[in-house]
Amino acid sequence: MANQIKTIGVLTSGGDAPGMNAAIRSVVRKALANGVSVKGIKKGYQGLLNEEIIDMDRHSVSDIIQRGGTILGTARCSEFRTEEGQAKGAEICRKHGIDGLVVIGGDGSYRGAQQIARHGINTVGLPGTIDLDIACTDYTIGFDTAVNTAMSAIDKVRDTSSSHERCSIIEVMGRNAGYIALWCGVANGAEDILLPEKYDYNEQSIINNIIANRKRGKTHHIIINAEGIGHSTSMARRIEAATGIETRATILGYMQRGGNPTCKDRFYASVMGAYAADILCQGKSNRVVGYKNGEFRDFDIEEALAMKKDISEYQYEVSRVLAQ
């Protein structure tokens, strides 16, 4: 089976995430150790369609494990959502001798991998997203770094919020998933945590909570607001008008996607990258690598995309109790 794969391609797709470089490095070096050539595909599926393809060796991935972002670059590609684009991508892979492809990205990237597998290219997906929103895995590459970056920034905002006796609304990333908001809300001791999965849009209850806390002598109030809810600036204006307490919104934005990856993101991404190279060399295809119940494992991509993920009820209840 191992002899069936002669060349593995690797690309990063969708939003960048700290740890992607560690995954690229691991794919390259493990594939080479298995006697398989490696080609890097720049700028995701768009780069594949544009044939931005380079040969990679051990030196290509030297001194990158500590760097944020992705050395291959990433882009979104509407053409690859079409049947014609997917068929073209598979044909370009064959033209360059790529018979196995590692795709590092989120669920949208997985759908692209699923389609190119249907056109005869062995594919394996790695969960590269800060959002932690891929159901088949308890860990996604970049989440640990992003949540630690956000936590550090919120600590700093909290200092100035306390000094000025303000209410601060701090918006964190995560698209439509509330995992970054939940983790930061607990880790930063926020008074309110607004999650897309749980928020009922009852702003009056937040206002009542702020007023009650101020009467109890609390000099500041931290609200962690998830990106999927958004509108932090207009929310701040309404809260200030209703409470008479100075309220400021801080949107942390793309700083959460950058920076040196944590040890966890480097280690887990490295193991996942090696795992992807190995299962491709074993002849597997249409798989997704994940970390579930303390083990690295792979899933059928159809099964993975069909899975649903939601905020743990117990974790959410803990966050509510600790905020009181």
# chains A, B, ... in the order shown; residues from 1 in each chain; ligands from 1
>>> residues_around(residues="Gly89 of chain A", least_positions_apart="5", cutoff="12 Å", atoms="only C-alpha atoms", output="PyMOL selection string")
chain A and resi 9+41+44-53+77+79-84+94-96+98-99+101+112-113+115-121
>>> write_last_selection(atoms="N, CA and C atoms", output="short mmCIF file (atom, residue, chain, number, x, y, z; two decimals), in the first residue's frame")
data_model
loop_
_atom_site.label_atom_id
_atom_site.label_comp_id
_atom_site.auth_asym_id
_atom_site.auth_seq_id
_atom_site.Cartn_x
_atom_site.Cartn_y
_atom_site.Cartn_z
N GLY A 9 1.18 16.28 -1.55
CA GLY A 9 1.06 17.73 -1.56
C GLY A 9 0.50 18.21 -0.23
N ILE A 41 1.88 23.58 -1.77
CA ILE A 41 0.94 24.32 -2.62
C ILE A 41 0.65 25.65 -1.93
N GLY A 44 -3.47 28.00 -0.67
CA GLY A 44 -4.63 27.14 -0.60
C GLY A 44 -5.11 26.60 -1.93
N TYR A 45 -6.44 26.42 -2.03
CA TYR A 45 -7.01 25.88 -3.27
C TYR A 45 -6.82 26.84 -4.44
N GLN A 46 -6.79 28.14 -4.15
CA GLN A 46 -6.55 29.11 -5.22
C GLN A 46 -5.17 28.90 -5.83
N GLY A 47 -4.18 28.67 -4.97
CA GLY A 47 -2.84 28.40 -5.45
C GLY A 47 -2.74 27.10 -6.22
N LEU A 48 -3.55 26.10 -5.81
CA LEU A 48 -3.58 24.84 -6.55
C LEU A 48 -4.08 25.09 -7.97
N LEU A 49 -5.18 25.83 -8.11
CA LEU A 49 -5.73 26.11 -9.43
C LEU A 49 -4.79 26.96 -10.27
N ASN A 50 -3.97 27.79 -9.60
CA ASN A 50 -3.00 28.63 -10.31
C ASN A 50 -1.66 27.93 -10.50
N GLU A 51 -1.57 26.68 -10.04
CA GLU A 51 -0.35 25.87 -10.13
C GLU A 51 0.85 26.52 -9.43
N GLU A 52 0.58 27.12 -8.27
CA GLU A 52 1.67 27.68 -7.45
C GLU A 52 2.19 26.57 -6.55
N ILE A 53 2.98 25.71 -7.13
CA ILE A 53 3.41 24.46 -6.50
C ILE A 53 4.93 24.39 -6.47
N CYS A 77 -11.23 30.49 -1.98
CA CYS A 77 -11.33 30.25 -3.42
C CYS A 77 -12.75 29.84 -3.80
N GLU A 79 -13.92 29.54 -6.83
CA GLU A 79 -13.90 28.64 -7.98
C GLU A 79 -13.85 27.17 -7.55
N PHE A 80 -13.18 26.92 -6.42
CA PHE A 80 -13.03 25.53 -5.99
C PHE A 80 -14.32 24.97 -5.40
N ARG A 81 -15.31 25.82 -5.21
CA ARG A 81 -16.60 25.33 -4.74
C ARG A 81 -17.42 24.73 -5.89
N THR A 82 -16.95 24.92 -7.12
CA THR A 82 -17.67 24.40 -8.28
C THR A 82 -17.11 23.05 -8.70
N GLU A 83 -17.95 22.28 -9.38
CA GLU A 83 -17.52 20.97 -9.89
C GLU A 83 -16.36 21.12 -10.86
N GLU A 84 -16.41 22.17 -11.68
CA GLU A 84 -15.34 22.39 -12.66
C GLU A 84 -14.02 22.70 -11.96
N ARG A 94 -2.61 15.61 -10.53
CA ARG A 94 -2.06 14.51 -11.34
C ARG A 94 -0.93 15.01 -12.24
N LYS A 95 -1.10 16.19 -12.80
CA LYS A 95 -0.08 16.78 -13.68
C LYS A 95 1.25 16.93 -12.95
N HIS A 96 1.19 17.28 -11.66
CA HIS A 96 2.41 17.49 -10.88
C HIS A 96 2.82 16.24 -10.10
N ILE A 98 1.14 14.59 -7.86
CA ILE A 98 0.64 14.55 -6.48
C ILE A 98 -0.48 13.52 -6.39
N ASP A 99 -0.23 12.42 -5.69
CA ASP A 99 -1.27 11.42 -5.53
C ASP A 99 -1.83 11.34 -4.12
N LEU A 101 -2.85 14.24 -0.78
CA LEU A 101 -2.94 15.66 -0.44
C LEU A 101 -3.33 15.84 1.02
N GLY A 112 -13.70 20.89 0.57
CA GLY A 112 -12.88 20.89 -0.64
C GLY A 112 -12.09 19.60 -0.75
N ALA A 113 -11.53 19.13 0.37
CA ALA A 113 -10.77 17.88 0.37
C ALA A 113 -11.67 16.70 0.01
N GLN A 115 -14.27 16.75 -1.89
CA GLN A 115 -14.58 16.77 -3.31
C GLN A 115 -13.40 16.33 -4.17
N ILE A 116 -12.20 16.75 -3.80
CA ILE A 116 -11.05 16.36 -4.61
C ILE A 116 -10.76 14.87 -4.46
N ALA A 117 -11.12 14.29 -3.30
CA ALA A 117 -11.00 12.84 -3.12
C ALA A 117 -11.93 12.10 -4.07
N ARG A 118 -13.09 12.67 -4.32
CA ARG A 118 -14.04 12.05 -5.25
C ARG A 118 -13.53 12.06 -6.69
N HIS A 119 -12.53 12.92 -6.93
CA HIS A 119 -11.92 12.96 -8.25
C HIS A 119 -10.61 12.16 -8.30
N GLY A 120 -10.41 11.29 -7.30
CA GLY A 120 -9.33 10.33 -7.39
C GLY A 120 -8.03 10.68 -6.72
N ILE A 121 -7.98 11.77 -5.94
CA ILE A 121 -6.76 12.13 -5.22
C ILE A 121 -6.94 11.77 -3.75
#
>>> residues_around(residues="Asn208 of chain A", least_positions_apart="5", cutoff="9 Å", atoms="only C-alpha atoms", output="short mmCIF file (atom, residue, chain, number, x, y, z; two decimals) with N, CA and C atoms, in the first residue's frame")
data_model
loop_
_atom_site.label_atom_id
_atom_site.label_comp_id
_atom_site.auth_asym_id
_atom_site.auth_seq_id
_atom_site.Cartn_x
_atom_site.Cartn_y
_atom_site.Cartn_z
N GLU A 203 -30.86 42.02 26.64
CA GLU A 203 -29.86 43.00 27.09
C GLU A 203 -30.22 43.57 28.45
N ASN A 213 -24.24 44.66 40.50
CA ASN A 213 -22.83 44.54 40.88
C ASN A 213 -22.26 45.86 41.38
N THR A 243 -27.37 52.61 32.07
CA THR A 243 -26.80 52.49 33.42
C THR A 243 -26.16 53.77 33.93
#
>>> residues_around(residues="segment 128-136 of chain A", least_positions_apart="3", cutoff="9 Å", atoms="only C-alpha atoms", output="VMD selection string")
chain A and resid 12 to 20 23 103 to 107 125 139 to 147 173 to 180 256 to 257 269 288 to 292 299 303 to 310
>>> residues_around(residues="segment 312-317 of chain A", least_positions_apart="5", cutoff="9 Å", atoms="only C-alpha atoms", output="count of residues only")
3
>>> select_by_dssp(residues="segment 27-273 of chain A", states="alpha helix (DSSP H)", output="ChimeraX atom specification")
/A:27-33,44-49,83-95,107-118,143-163,179-187,203-215,232-243,263-273
>>> select_by_dssp(residues="segment 55-203 of chain A", states="strand (DSSP E or B)", output="PDB file with C-alpha atoms, in the first residue's frame")
ATOM      1  CA  ASP A  55       9.189  21.167  -4.209  1.00  0.00           C
ATOM      2  CA  MET A  56       9.835  20.840  -0.485  1.00  0.00           C
ATOM      3  CA  GLY A 100      -1.842  12.304  -1.862  1.00  0.00           C
ATOM      4  CA  LEU A 101      -2.942  15.664  -0.444  1.00  0.00           C
ATOM      5  CA  VAL A 102      -2.895  17.022   3.111  1.00  0.00           C
ATOM      6  CA  VAL A 103      -5.325  19.908   3.639  1.00  0.00           C
ATOM      7  CA  ILE A 104      -4.868  21.985   6.804  1.00  0.00           C
ATOM      8  CA  GLY A 105      -7.909  24.119   7.583  1.00  0.00           C
ATOM      9  CA  ASN A 122      -6.127  10.597  -1.786  1.00  0.00           C
ATOM     10  CA  THR A 123      -6.797  13.299   0.807  1.00  0.00           C
ATOM     11  CA  VAL A 124      -6.405  13.795   4.547  1.00  0.00           C
ATOM     12  CA  GLY A 125      -7.628  16.856   6.460  1.00  0.00           C
ATOM     13  CA  LEU A 126      -5.989  18.416   9.530  1.00  0.00           C
ATOM     14  CA  PRO A 127      -8.088  20.658  11.829  1.00  0.00           C
ATOM     15  CA  GLY A 128      -6.442  24.074  11.462  1.00  0.00           C
ATOM     16  CA  ILE A 141      -4.608  23.692  15.632  1.00  0.00           C
ATOM     17  CA  CYS A 167     -17.877  48.518  32.016  1.00  0.00           C
ATOM     18  CA  SER A 168     -15.875  46.877  29.207  1.00  0.00           C
ATOM     19  CA  ILE A 169     -17.286  44.776  26.394  1.00  0.00           C
ATOM     20  CA  ILE A 170     -14.493  42.735  24.848  1.00  0.00           C
ATOM     21  CA  GLU A 171     -15.260  40.963  21.585  1.00  0.00           C
ATOM     22  CA  VAL A 172     -13.301  37.821  20.750  1.00  0.00           C
ATOM     23  CA  ASP A 192     -21.044  38.215  31.677  1.00  0.00           C
ATOM     24  CA  ILE A 193     -20.210  35.822  28.818  1.00  0.00           C
ATOM     25  CA  LEU A 194     -22.241  36.069  25.619  1.00  0.00           C
TER      26      LEU A 194
END
>>> closest_residue(among="A:Cys184, A:Ile64, A:Ile206, A:Ala87", to="Arg25 of chain A", atoms="only C-alpha atoms")
A:Ile64
>>> atom_distance(atom1="atom CA of Glu197 of chain A", atom2="atom CA of Ile311 of chain A")
7.0 Å
>>> residues_around(residues="Ser60 of chain A", least_positions_apart="5", cutoff="12 Å", atoms="only C-alpha atoms", output="VMD selection string")
chain A and resid 21 24 to 29 32 38 to 40 54 to 55 65 71 to 72
>>> closest_residue(among="A:Lys30, A:Arg297, A:Arg287, A:Arg320", to="Tyr110 of chain A", atoms="only C-alpha atoms")
A:Arg287
>>> atom_distance(atom1="atom CA of Gln66 of chain A", atom2="atom CA of Lys43 of chain A")
20.3 Å
>>> atom_distance(atom1="atom CA of Pro261 of chain A", atom2="atom CA of Gly68 of chain A")
6.0 Å
>>> closest_residue(among="A:Gln204, A:Gly108, A:Ile223, A:Leu11", to="Val157 of chain A", atoms="only C-alpha atoms")
A:Ile223
>>> decode(residues="segment 128-157 of chain A", atoms="N, CA and C atoms", output="short mmCIF file (atom, residue, chain, number, x, y, z; two decimals), in the first residue's frame")
data_model
loop_
_atom_site.label_atom_id
_atom_site.label_comp_id
_atom_site.auth_asym_id
_atom_site.auth_seq_id
_atom_site.Cartn_x
_atom_site.Cartn_y
_atom_site.Cartn_z
N GLY A 128 -7.16 22.83 11.23
CA GLY A 128 -6.44 24.07 11.46
C GLY A 128 -7.40 25.24 11.55
N THR A 129 -7.84 25.58 12.75
CA THR A 129 -8.75 26.71 12.97
C THR A 129 -8.70 27.11 14.43
N ILE A 130 -8.71 28.41 14.70
CA ILE A 130 -8.71 28.87 16.09
C ILE A 130 -10.07 28.71 16.74
N ASP A 131 -11.10 28.37 15.97
CA ASP A 131 -12.48 28.43 16.48
C ASP A 131 -12.90 27.22 17.31
N LEU A 132 -12.15 26.11 17.23
CA LEU A 132 -12.47 24.87 17.96
C LEU A 132 -13.86 24.34 17.58
N ASP A 133 -14.28 24.59 16.36
CA ASP A 133 -15.66 24.28 15.98
C ASP A 133 -15.80 23.05 15.10
N ILE A 134 -14.77 22.19 15.05
CA ILE A 134 -14.86 20.96 14.27
C ILE A 134 -15.28 19.83 15.19
N ALA A 135 -16.41 19.21 14.88
CA ALA A 135 -17.08 18.32 15.84
C ALA A 135 -16.31 17.04 16.13
N CYS A 136 -15.52 16.54 15.20
CA CYS A 136 -14.89 15.24 15.40
C CYS A 136 -13.65 15.30 16.29
N THR A 137 -13.25 16.49 16.70
CA THR A 137 -12.01 16.62 17.46
C THR A 137 -12.18 17.53 18.67
N ASP A 138 -11.50 17.18 19.75
CA ASP A 138 -11.52 18.00 20.96
C ASP A 138 -10.49 19.12 20.89
N TYR A 139 -9.64 19.09 19.87
CA TYR A 139 -8.57 20.07 19.73
C TYR A 139 -8.46 20.49 18.27
N THR A 140 -8.27 21.78 18.02
CA THR A 140 -7.96 22.26 16.67
C THR A 140 -6.69 23.10 16.73
N ILE A 141 -5.89 22.99 15.69
CA ILE A 141 -4.61 23.69 15.63
C ILE A 141 -4.85 25.20 15.68
N GLY A 142 -4.26 25.86 16.65
CA GLY A 142 -4.35 27.31 16.77
C GLY A 142 -5.23 27.79 17.91
N PHE A 143 -6.14 26.94 18.38
CA PHE A 143 -7.06 27.39 19.45
C PHE A 143 -6.31 27.77 20.71
N ASP A 144 -5.36 26.94 21.12
CA ASP A 144 -4.66 27.19 22.38
C ASP A 144 -3.92 28.52 22.35
N THR A 145 -3.25 28.81 21.25
CA THR A 145 -2.54 30.08 21.13
C THR A 145 -3.52 31.24 21.11
N ALA A 146 -4.59 31.11 20.33
CA ALA A 146 -5.56 32.21 20.20
C ALA A 146 -6.22 32.53 21.53
N VAL A 147 -6.58 31.51 22.29
CA VAL A 147 -7.28 31.76 23.55
C VAL A 147 -6.31 32.34 24.59
N ASN A 148 -5.04 31.96 24.54
CA ASN A 148 -4.06 32.56 25.44
C ASN A 148 -3.74 34.01 25.06
N THR A 149 -3.70 34.29 23.76
CA THR A 149 -3.51 35.67 23.30
C THR A 149 -4.67 36.54 23.76
N ALA A 150 -5.88 36.05 23.59
CA ALA A 150 -7.06 36.81 24.00
C ALA A 150 -7.09 37.00 25.51
N MET A 151 -6.77 35.96 26.26
CA MET A 151 -6.77 36.04 27.72
C MET A 151 -5.81 37.13 28.21
N SER A 152 -4.61 37.16 27.62
CA SER A 152 -3.62 38.17 28.01
C SER A 152 -4.12 39.58 27.71
N ALA A 153 -4.73 39.76 26.54
CA ALA A 153 -5.24 41.08 26.16
C ALA A 153 -6.38 41.51 27.08
N ILE A 154 -7.25 40.58 27.44
CA ILE A 154 -8.38 40.91 28.31
C ILE A 154 -7.90 41.29 29.70
N ASP A 155 -6.87 40.62 30.20
CA ASP A 155 -6.28 41.02 31.49
C ASP A 155 -5.87 42.48 31.47
N LYS A 156 -5.29 42.91 30.37
CA LYS A 156 -4.83 44.31 30.25
C LYS A 156 -6.00 45.28 30.20
N VAL A 157 -7.03 44.91 29.44
CA VAL A 157 -8.22 45.76 29.39
C VAL A 157 -8.88 45.84 30.76
#
